[in-house]
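> Handing over query_28.cif, mmCIF, C-alpha atoms.
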data_run
loop_
_atom_site.group_PDB
_atom_site.id
_atom_site.type_symbol
_atom_site.label_atom_id
_atom_site.label_comp_id
_atom_site.auth_asym_id
_atom_site.auth_seq_id
_atom_site.Cartn_x
_atom_site.Cartn_y
_atom_site.Cartn_z
ATOM 1 C CA GLY A 1 21.138 -20.147 -17.244
ATOM 2 C CA ASN A 2 18.371 -17.869 -16.071
ATOM 3 C CA SER A 3 18.086 -14.316 -17.323
ATOM 4 C CA VAL A 4 15.618 -11.522 -18.016
ATOM 5 C CA THR A 5 15.765 -9.036 -20.845
ATOM 6 C CA GLN A 6 13.692 -5.870 -20.834
ATOM 7 C CA MET A 7 13.243 -3.193 -23.422
ATOM 8 C CA GLU A 8 15.499 -0.245 -22.839
ATOM 9 C CA GLY A 9 14.051 2.996 -21.648
ATOM 10 C CA PRO A 10 13.207 5.611 -21.036
ATOM 11 C CA VAL A 11 9.695 5.274 -22.340
ATOM 12 C CA THR A 12 7.973 8.636 -22.584
ATOM 13 C CA LEU A 13 4.216 8.768 -23.050
ATOM 14 C CA SER A 14 1.403 11.231 -22.833
ATOM 15 C CA GLU A 15 -1.332 10.688 -20.287
ATOM 16 C CA GLU A 16 -3.980 8.162 -21.416
ATOM 17 C CA ALA A 17 -1.618 6.541 -23.945
ATOM 18 C CA PHE A 18 -1.276 2.768 -24.234
ATOM 19 C CA LEU A 19 1.763 1.240 -22.575
ATOM 20 C CA THR A 20 3.724 -1.860 -23.463
ATOM 21 C CA ILE A 21 7.017 -2.781 -21.825
ATOM 22 C CA ASN A 22 8.532 -5.892 -23.336
ATOM 23 C CA CYS A 23 10.107 -8.594 -21.200
ATOM 24 C CA THR A 24 11.540 -11.917 -22.304
ATOM 25 C CA TYR A 25 13.198 -14.530 -20.195
ATOM 26 C CA THR A 26 15.416 -17.574 -20.290
ATOM 27 C CA ALA A 27 14.849 -20.199 -17.646
ATOM 28 C CA THR A 28 14.742 -23.906 -16.968
ATOM 29 C CA GLY A 29 11.820 -25.628 -15.333
ATOM 30 C CA TYR A 30 8.782 -23.669 -14.206
ATOM 31 C CA PRO A 31 9.776 -20.160 -13.155
ATOM 32 C CA SER A 32 7.403 -17.689 -11.603
ATOM 33 C CA LEU A 33 7.342 -14.273 -13.262
ATOM 34 C CA PHE A 34 6.887 -10.882 -11.650
ATOM 35 C CA TRP A 35 6.704 -7.203 -12.379
ATOM 36 C CA TYR A 36 7.983 -4.874 -9.688
ATOM 37 C CA VAL A 37 7.672 -1.090 -9.698
ATOM 38 C CA GLN A 38 9.993 1.431 -8.090
ATOM 39 C CA TYR A 39 8.629 4.930 -7.611
ATOM 40 C CA PRO A 40 11.141 7.763 -7.194
ATOM 41 C CA GLY A 41 12.914 7.521 -3.863
ATOM 42 C CA GLU A 42 11.112 4.355 -2.824
ATOM 43 C CA GLY A 43 11.724 0.626 -2.643
ATOM 44 C CA LEU A 44 10.460 -2.146 -4.885
ATOM 45 C CA GLN A 45 6.774 -2.938 -4.846
ATOM 46 C CA LEU A 46 5.237 -6.043 -6.321
ATOM 47 C CA LEU A 47 2.941 -4.991 -9.152
ATOM 48 C CA LEU A 48 1.746 -8.357 -10.431
ATOM 49 C CA LYS A 49 2.758 -11.974 -10.793
ATOM 50 C CA ALA A 50 2.083 -15.145 -12.774
ATOM 51 C CA THR A 51 3.148 -18.586 -11.679
ATOM 52 C CA LYS A 52 2.393 -20.788 -14.676
ATOM 53 C CA ALA A 53 1.958 -20.680 -18.440
ATOM 54 C CA ASP A 54 -1.046 -18.701 -19.721
ATOM 55 C CA ASP A 55 -1.653 -17.111 -16.332
ATOM 56 C CA LYS A 56 -2.498 -13.427 -16.508
ATOM 57 C CA GLY A 57 -1.382 -11.214 -13.658
ATOM 58 C CA SER A 58 -3.207 -7.947 -13.184
ATOM 59 C CA ASN A 59 -3.215 -5.031 -10.767
ATOM 60 C CA LYS A 60 -4.022 -1.312 -10.901
ATOM 61 C CA GLY A 61 -4.931 -1.549 -14.600
ATOM 62 C CA PHE A 62 -1.646 -3.262 -15.516
ATOM 63 C CA GLU A 63 -1.644 -6.730 -17.058
ATOM 64 C CA ALA A 64 0.928 -9.287 -18.143
ATOM 65 C CA THR A 65 0.436 -12.788 -19.526
ATOM 66 C CA TYR A 66 2.910 -15.623 -18.989
ATOM 67 C CA ARG A 67 3.671 -16.862 -22.501
ATOM 68 C CA LYS A 68 5.763 -20.011 -22.407
ATOM 69 C CA GLU A 69 5.837 -20.422 -26.189
ATOM 70 C CA THR A 70 7.455 -17.025 -26.675
ATOM 71 C CA THR A 71 9.133 -16.902 -23.218
ATOM 72 C CA SER A 72 7.638 -13.483 -22.661
ATOM 73 C CA PHE A 73 5.845 -11.531 -19.955
ATOM 74 C CA HIS A 74 5.092 -8.150 -21.482
ATOM 75 C CA LEU A 75 3.557 -5.468 -19.280
ATOM 76 C CA GLU A 76 0.592 -3.526 -20.651
ATOM 77 C CA LYS A 77 -1.745 -0.798 -19.531
ATOM 78 C CA GLY A 78 -4.528 0.673 -21.588
ATOM 79 C CA SER A 79 -4.365 4.242 -20.322
ATOM 80 C CA VAL A 80 -1.393 5.503 -18.325
ATOM 81 C CA GLN A 81 -1.479 8.289 -15.770
ATOM 82 C CA VAL A 82 1.190 10.719 -14.617
ATOM 83 C CA SER A 83 1.272 8.806 -11.329
ATOM 84 C CA ASP A 84 2.487 5.700 -13.216
ATOM 85 C CA SER A 85 5.847 7.369 -13.803
ATOM 86 C CA ALA A 86 8.367 4.990 -12.246
ATOM 87 C CA VAL A 87 10.927 2.313 -13.069
ATOM 88 C CA TYR A 88 9.450 -1.079 -13.902
ATOM 89 C CA PHE A 89 11.407 -4.285 -13.337
ATOM 90 C CA CYS A 90 10.578 -7.649 -14.822
ATOM 91 C CA ALA A 91 11.856 -10.549 -12.726
ATOM 92 C CA LEU A 92 11.805 -14.306 -12.576
ATOM 93 C CA SER A 93 12.162 -16.777 -9.764
ATOM 94 C CA PRO A 94 13.249 -20.264 -10.757
ATOM 95 C CA PHE A 95 11.552 -22.741 -8.486
ATOM 96 C CA SER A 96 13.789 -24.923 -6.390
ATOM 97 C CA GLY A 97 11.989 -25.689 -3.180
ATOM 98 C CA GLY A 98 10.598 -22.461 -1.892
ATOM 99 C CA TYR A 99 13.484 -20.110 -1.678
ATOM 100 C CA ASN A 100 15.222 -18.641 -4.623
ATOM 101 C CA LYS A 101 16.723 -15.431 -5.735
ATOM 102 C CA LEU A 102 14.891 -13.053 -7.973
ATOM 103 C CA ILE A 103 16.636 -12.387 -11.240
ATOM 104 C CA PHE A 104 15.826 -8.900 -12.428
ATOM 105 C CA GLY A 105 15.869 -7.239 -15.784
ATOM 106 C CA ALA A 106 17.662 -3.934 -16.125
ATOM 107 C CA GLY A 107 14.495 -1.942 -15.507
ATOM 108 C CA THR A 108 12.564 0.366 -17.801
ATOM 109 C CA ARG A 109 11.961 3.952 -16.796
ATOM 110 C CA LEU A 110 8.505 5.258 -17.700
ATOM 111 C CA ALA A 111 7.794 8.979 -17.811
ATOM 112 C CA VAL A 112 4.192 10.051 -18.341
ATOM 113 C CA HIS A 113 3.488 13.674 -19.209
ATOM 114 C CA PRO A 114 0.156 15.478 -18.806
ATOM 115 C CA GLU B 1 -0.897 -4.978 5.367
ATOM 116 C CA PRO B 2 2.294 -6.334 6.969
ATOM 117 C CA GLU B 3 5.499 -4.948 5.552
ATOM 118 C CA VAL B 4 9.243 -5.367 5.638
ATOM 119 C CA THR B 5 10.980 -2.588 7.535
ATOM 120 C CA GLN B 6 14.601 -1.539 7.193
ATOM 121 C CA THR B 7 16.774 0.698 9.338
ATOM 122 C CA PRO B 8 18.447 3.065 8.972
ATOM 123 C CA SER B 9 17.091 4.660 5.820
ATOM 124 C CA HIS B 10 20.468 6.251 5.153
ATOM 125 C CA GLN B 11 23.874 5.255 6.511
ATOM 126 C CA VAL B 12 27.027 7.250 5.917
ATOM 127 C CA THR B 13 30.316 5.719 6.969
ATOM 128 C CA GLN B 14 34.033 6.005 6.368
ATOM 129 C CA MET B 15 35.783 3.523 4.123
ATOM 130 C CA GLY B 16 37.153 0.606 6.126
ATOM 131 C CA GLN B 17 34.522 0.825 8.827
ATOM 132 C CA GLU B 18 32.023 -1.893 9.635
ATOM 133 C CA VAL B 19 28.329 -1.351 8.990
ATOM 134 C CA ILE B 20 25.277 -3.331 10.002
ATOM 135 C CA LEU B 21 22.070 -2.944 8.064
ATOM 136 C CA ARG B 22 18.943 -4.079 9.823
ATOM 137 C CA CYS B 23 15.707 -5.571 8.581
ATOM 138 C CA VAL B 24 12.526 -6.824 10.172
ATOM 139 C CA PRO B 25 10.874 -9.255 7.733
ATOM 140 C CA ILE B 26 7.165 -10.035 7.669
ATOM 141 C CA SER B 27 6.472 -12.149 10.735
ATOM 142 C CA ASN B 28 5.244 -15.420 9.202
ATOM 143 C CA HIS B 29 7.758 -15.456 6.360
ATOM 144 C CA LEU B 30 10.419 -18.132 6.203
ATOM 145 C CA TYR B 31 12.811 -16.950 3.502
ATOM 146 C CA PHE B 32 14.942 -13.845 3.710
ATOM 147 C CA TYR B 33 17.044 -12.050 1.137
ATOM 148 C CA TRP B 34 19.373 -9.140 0.592
ATOM 149 C CA TYR B 35 19.741 -7.327 -2.710
ATOM 150 C CA ARG B 36 21.634 -4.238 -3.702
ATOM 151 C CA GLN B 37 21.157 -1.598 -6.345
ATOM 152 C CA ILE B 38 24.047 0.611 -7.300
ATOM 153 C CA LEU B 39 22.722 3.985 -8.398
ATOM 154 C CA GLY B 40 21.085 3.737 -11.821
ATOM 155 C CA GLN B 41 21.843 0.048 -12.225
ATOM 156 C CA LYS B 42 20.097 -3.293 -12.010
ATOM 157 C CA VAL B 43 18.924 -4.805 -8.743
ATOM 158 C CA GLU B 44 21.399 -7.568 -7.867
ATOM 159 C CA PHE B 45 20.920 -10.580 -5.626
ATOM 160 C CA LEU B 46 23.333 -10.892 -2.720
ATOM 161 C CA VAL B 47 22.164 -13.725 -0.488
ATOM 162 C CA SER B 48 19.201 -15.835 0.548
ATOM 163 C CA PHE B 49 18.691 -17.235 4.044
ATOM 164 C CA TYR B 50 16.468 -20.050 5.242
ATOM 165 C CA ASN B 51 16.296 -22.159 8.369
ATOM 166 C CA ASN B 52 19.099 -20.157 9.975
ATOM 167 C CA GLU B 53 21.603 -20.665 7.229
ATOM 168 C CA ILE B 54 22.606 -19.224 3.893
ATOM 169 C CA SER B 55 20.860 -21.078 1.088
ATOM 170 C CA GLU B 56 22.509 -19.254 -1.791
ATOM 171 C CA LYS B 57 24.911 -16.366 -2.281
ATOM 172 C CA SER B 58 26.196 -14.452 -5.263
ATOM 173 C CA GLU B 59 29.745 -13.649 -6.304
ATOM 174 C CA ILE B 60 29.279 -10.203 -4.790
ATOM 175 C CA PHE B 61 28.746 -11.720 -1.347
ATOM 176 C CA ASP B 62 32.385 -12.269 -0.466
ATOM 177 C CA ASP B 63 34.082 -12.712 2.909
ATOM 178 C CA GLN B 64 33.442 -9.068 3.805
ATOM 179 C CA PHE B 65 29.715 -9.785 4.001
ATOM 180 C CA SER B 66 27.779 -11.779 6.556
ATOM 181 C CA VAL B 67 24.140 -12.220 7.507
ATOM 182 C CA GLU B 68 22.526 -13.139 10.750
ATOM 183 C CA ARG B 69 19.129 -13.660 12.276
ATOM 184 C CA PRO B 70 20.000 -12.878 15.878
ATOM 185 C CA ASP B 71 16.465 -13.292 17.232
ATOM 186 C CA GLY B 72 13.013 -14.175 15.992
ATOM 187 C CA SER B 73 12.414 -10.911 14.211
ATOM 188 C CA ASN B 74 15.577 -9.233 12.924
ATOM 189 C CA PHE B 75 17.676 -10.080 9.894
ATOM 190 C CA THR B 76 20.969 -8.220 9.502
ATOM 191 C CA LEU B 77 23.586 -7.679 6.829
ATOM 192 C CA LYS B 78 27.075 -6.833 8.028
ATOM 193 C CA ILE B 79 29.864 -5.456 5.879
ATOM 194 C CA ARG B 80 33.094 -5.851 7.797
ATOM 195 C CA SER B 81 35.399 -3.378 6.078
ATOM 196 C CA THR B 82 33.526 -1.147 3.685
ATOM 197 C CA LYS B 83 34.878 -0.078 0.306
ATOM 198 C CA LEU B 84 33.845 2.838 -1.862
ATOM 199 C CA GLU B 85 32.194 0.447 -4.293
ATOM 200 C CA ASP B 86 29.863 -0.795 -1.542
ATOM 201 C CA SER B 87 27.939 2.451 -1.880
ATOM 202 C CA ALA B 88 24.476 1.398 -3.008
ATOM 203 C CA MET B 89 20.888 0.970 -1.943
ATOM 204 C CA TYR B 90 20.487 -2.284 -0.018
ATOM 205 C CA PHE B 91 17.108 -3.970 -0.025
ATOM 206 C CA CYS B 92 15.887 -6.642 2.332
ATOM 207 C CA ALA B 93 13.080 -8.962 1.212
ATOM 208 C CA SER B 94 11.127 -11.848 2.659
ATOM 209 C CA SER B 95 8.725 -14.439 1.310
ATOM 210 C CA GLY B 96 6.380 -17.097 2.603
ATOM 211 C CA PRO B 97 6.389 -20.854 1.918
ATOM 212 C CA PRO B 98 5.757 -22.107 -1.632
ATOM 213 C CA SER B 99 2.174 -22.657 -2.643
ATOM 214 C CA ARG B 100 0.339 -24.942 -4.976
ATOM 215 C CA ASP B 101 -2.489 -23.143 -6.693
ATOM 216 C CA ARG B 102 -4.049 -25.574 -9.165
ATOM 217 C CA GLY B 103 -0.661 -26.283 -10.605
ATOM 218 C CA PRO B 104 2.948 -27.051 -9.763
ATOM 219 C CA TYR B 105 4.489 -25.561 -6.643
ATOM 220 C CA SER B 106 5.654 -22.014 -7.098
ATOM 221 C CA ASN B 107 7.563 -19.495 -5.078
ATOM 222 C CA GLN B 108 5.673 -16.808 -3.242
ATOM 223 C CA PRO B 109 6.488 -13.237 -4.245
ATOM 224 C CA GLN B 110 9.164 -11.484 -2.280
ATOM 225 C CA HIS B 111 8.142 -8.404 -0.330
ATOM 226 C CA PHE B 112 10.755 -5.673 -0.192
ATOM 227 C CA GLY B 113 11.605 -3.039 2.361
ATOM 228 C CA ASP B 114 12.181 0.573 1.356
ATOM 229 C CA GLY B 115 15.933 0.056 1.438
ATOM 230 C CA THR B 116 18.943 1.510 3.201
ATOM 231 C CA ARG B 117 21.061 3.928 1.214
ATOM 232 C CA LEU B 118 24.677 3.220 2.135
ATOM 233 C CA SER B 119 27.185 5.949 1.336
ATOM 234 C CA ILE B 120 30.868 5.191 1.808
ATOM 235 C CA LEU B 121 33.171 8.212 2.070
#
Give the structure from the file, written as structure tokens.

Amino acid sequence: GNSVTQMEGPVTLSEEAFLTINCTYTATGYPSLFWYVQYPGEGLQLLLKATKADDKGSNKGFEATYRKETTSFHLEKGSVQVSDSAVYFCALSPFSGGYNKLIFGAGTRLAVHP
Amino acid sequence: EPEVTQTPSHQVTQMGQEVILRCVPISNHLYFYWYRQILGQKVEFLVSFYNNEISEKSEIFDDQFSVERPDGSNFTLKIRSTKLEDSAMYFCASSGPPSRDRGPYSNQPQHFGDGTRLSIL
């Protein structure tokens, strides 16, 4: 079946620290992979995506590379800010003709302190 | 940038009552979804909707739930007889047609609304 596993949080970092949030997946076929972010009191926002192996998604200083050999899509940022404090969700979408549910990981809460 | 809008932002209702959660997806999108997130837990898929019919639903989406696209813009989720355990944040999402970008076809990302917090008393 299809599933997503994320590292458990919370992750607590100081401002300007390096961030890695691990995400691995199980899927058949050619899934698309996504990172969504949820700021306190808000909905889910797409952070970045990758649709095929070796693609790198990037946005707002965050990056993730679609690694088919290790079935991973780890999120990284070189220097976090207090404003990055949020819950980060890794998700996959198995392709089956255009519509498909997103399968989310459990989410990882990031807290960045000044 | 176009966005998905949901109303109301917060709905409080008595157990056993019917509720309708409303969503206006992005106008040129073809695929519509509902998800829910119980406080502090994972976001869970409820149902997907395409071409005026349900394309997939989860185990959570039992006979108490229904979806409808009553006109060209709205997409609603109805819970017929609410239970305490229906208390959650409900998210609507929409996505465009699949694309082929120098590779195999892939799904477009889903764009989410800000959610409706449903509180059952």
> Can you check which residues of chain A have any atom within 12 Å of chain B? Use only C-alpha atoms and format it as number ranges by chain.
A: 4-6, 29-55, 87-109
> Selected by the PyMOL selection byres ((chain A and resi 9-22) around 10) in the shown coordinates: which residues, as an NGL selection string?
:A and (5-8 or 23-24 or 62-64 or 72-85 or 87-90 or 106-114)
> Please save C-alpha atoms of the selected residues as a compact mmCIF listing (two decimals), keeping the file's coordinate frame.

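The resulting selection15.txt:
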# COMPACT_ATOMS: atom_id res chain seq x y z
CA THR A 5 15.76 -9.04 -20.84
CA GLN A 6 13.69 -5.87 -20.83
CA MET A 7 13.24 -3.19 -23.42
CA GLU A 8 15.50 -0.24 -22.84
CA CYS A 23 10.11 -8.59 -21.20
CA THR A 24 11.54 -11.92 -22.30
CA PHE A 62 -1.65 -3.26 -15.52
CA GLU A 63 -1.64 -6.73 -17.06
CA ALA A 64 0.93 -9.29 -18.14
CA SER A 72 7.64 -13.48 -22.66
CA PHE A 73 5.84 -11.53 -19.95
CA HIS A 74 5.09 -8.15 -21.48
CA LEU A 75 3.56 -5.47 -19.28
CA GLU A 76 0.59 -3.53 -20.65
CA LYS A 77 -1.74 -0.80 -19.53
CA GLY A 78 -4.53 0.67 -21.59
CA SER A 79 -4.36 4.24 -20.32
CA VAL A 80 -1.39 5.50 -18.32
CA GLN A 81 -1.48 8.29 -15.77
CA VAL A 82 1.19 10.72 -14.62
CA SER A 83 1.27 8.81 -11.33
CA ASP A 84 2.49 5.70 -13.22
CA SER A 85 5.85 7.37 -13.80
CA VAL A 87 10.93 2.31 -13.07
CA TYR A 88 9.45 -1.08 -13.90
CA PHE A 89 11.41 -4.28 -13.34
CA CYS A 90 10.58 -7.65 -14.82
CA ALA A 106 17.66 -3.93 -16.12
CA GLY A 107 14.50 -1.94 -15.51
CA THR A 108 12.56 0.37 -17.80
CA ARG A 109 11.96 3.95 -16.80
CA LEU A 110 8.51 5.26 -17.70
CA ALA A 111 7.79 8.98 -17.81
CA VAL A 112 4.19 10.05 -18.34
CA HIS A 113 3.49 13.67 -19.21
CA PRO A 114 0.16 15.48 -18.81
> Just checking: using only C-alpha atoms, which residue out of B:Leu118, B:Asp86, B:Ile26, B:Gly72 ends up closest to Pro8 in chain B?
B:Leu118
> Evaluated on this file, the PyMOL selection byres ((chain B and resi 120) around 9) picks out some residues - which ones are they, written as a PyMOL selection string?
chain B and resi 11-16+82-88+118-119+121
> Give me the residues within 6 Å of Leu77 in chain B as a ChimeraX atom specification, counting only C-alpha atoms and dropping any in the same chain fewer than 5 places off.
/B:20-21,66-67
> What does the distance from CA of Arg67 in chain A to CA of Thr26 in chain A come to in Å, to one decimal?
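Answer for the CA of Arg67 in chain A to CA of Thr26 in chain A separation: 12.0 Å.
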> By how many Å are CA of Ser73 in chain B and CA of Gln17 in chain B apart?
25.6 Å
> Please indicate the distance in Å from CA of Phe65 in chain B to CA of Asn2 in chain A, rounded to one decimal place.
24.4 Å
> What box, with edges along x, y and z, holds each listed atom of range 92-95 of chain B when 4 Å is added on every side, and can you state its centre and edge lengths in Å to one decimal, as lines of an AutoDock Vina configuration file?

center_x = 12.3
center_y = -10.5
center_z = 1.9
size_x = 15.2
size_y = 15.8
size_z = 9.4
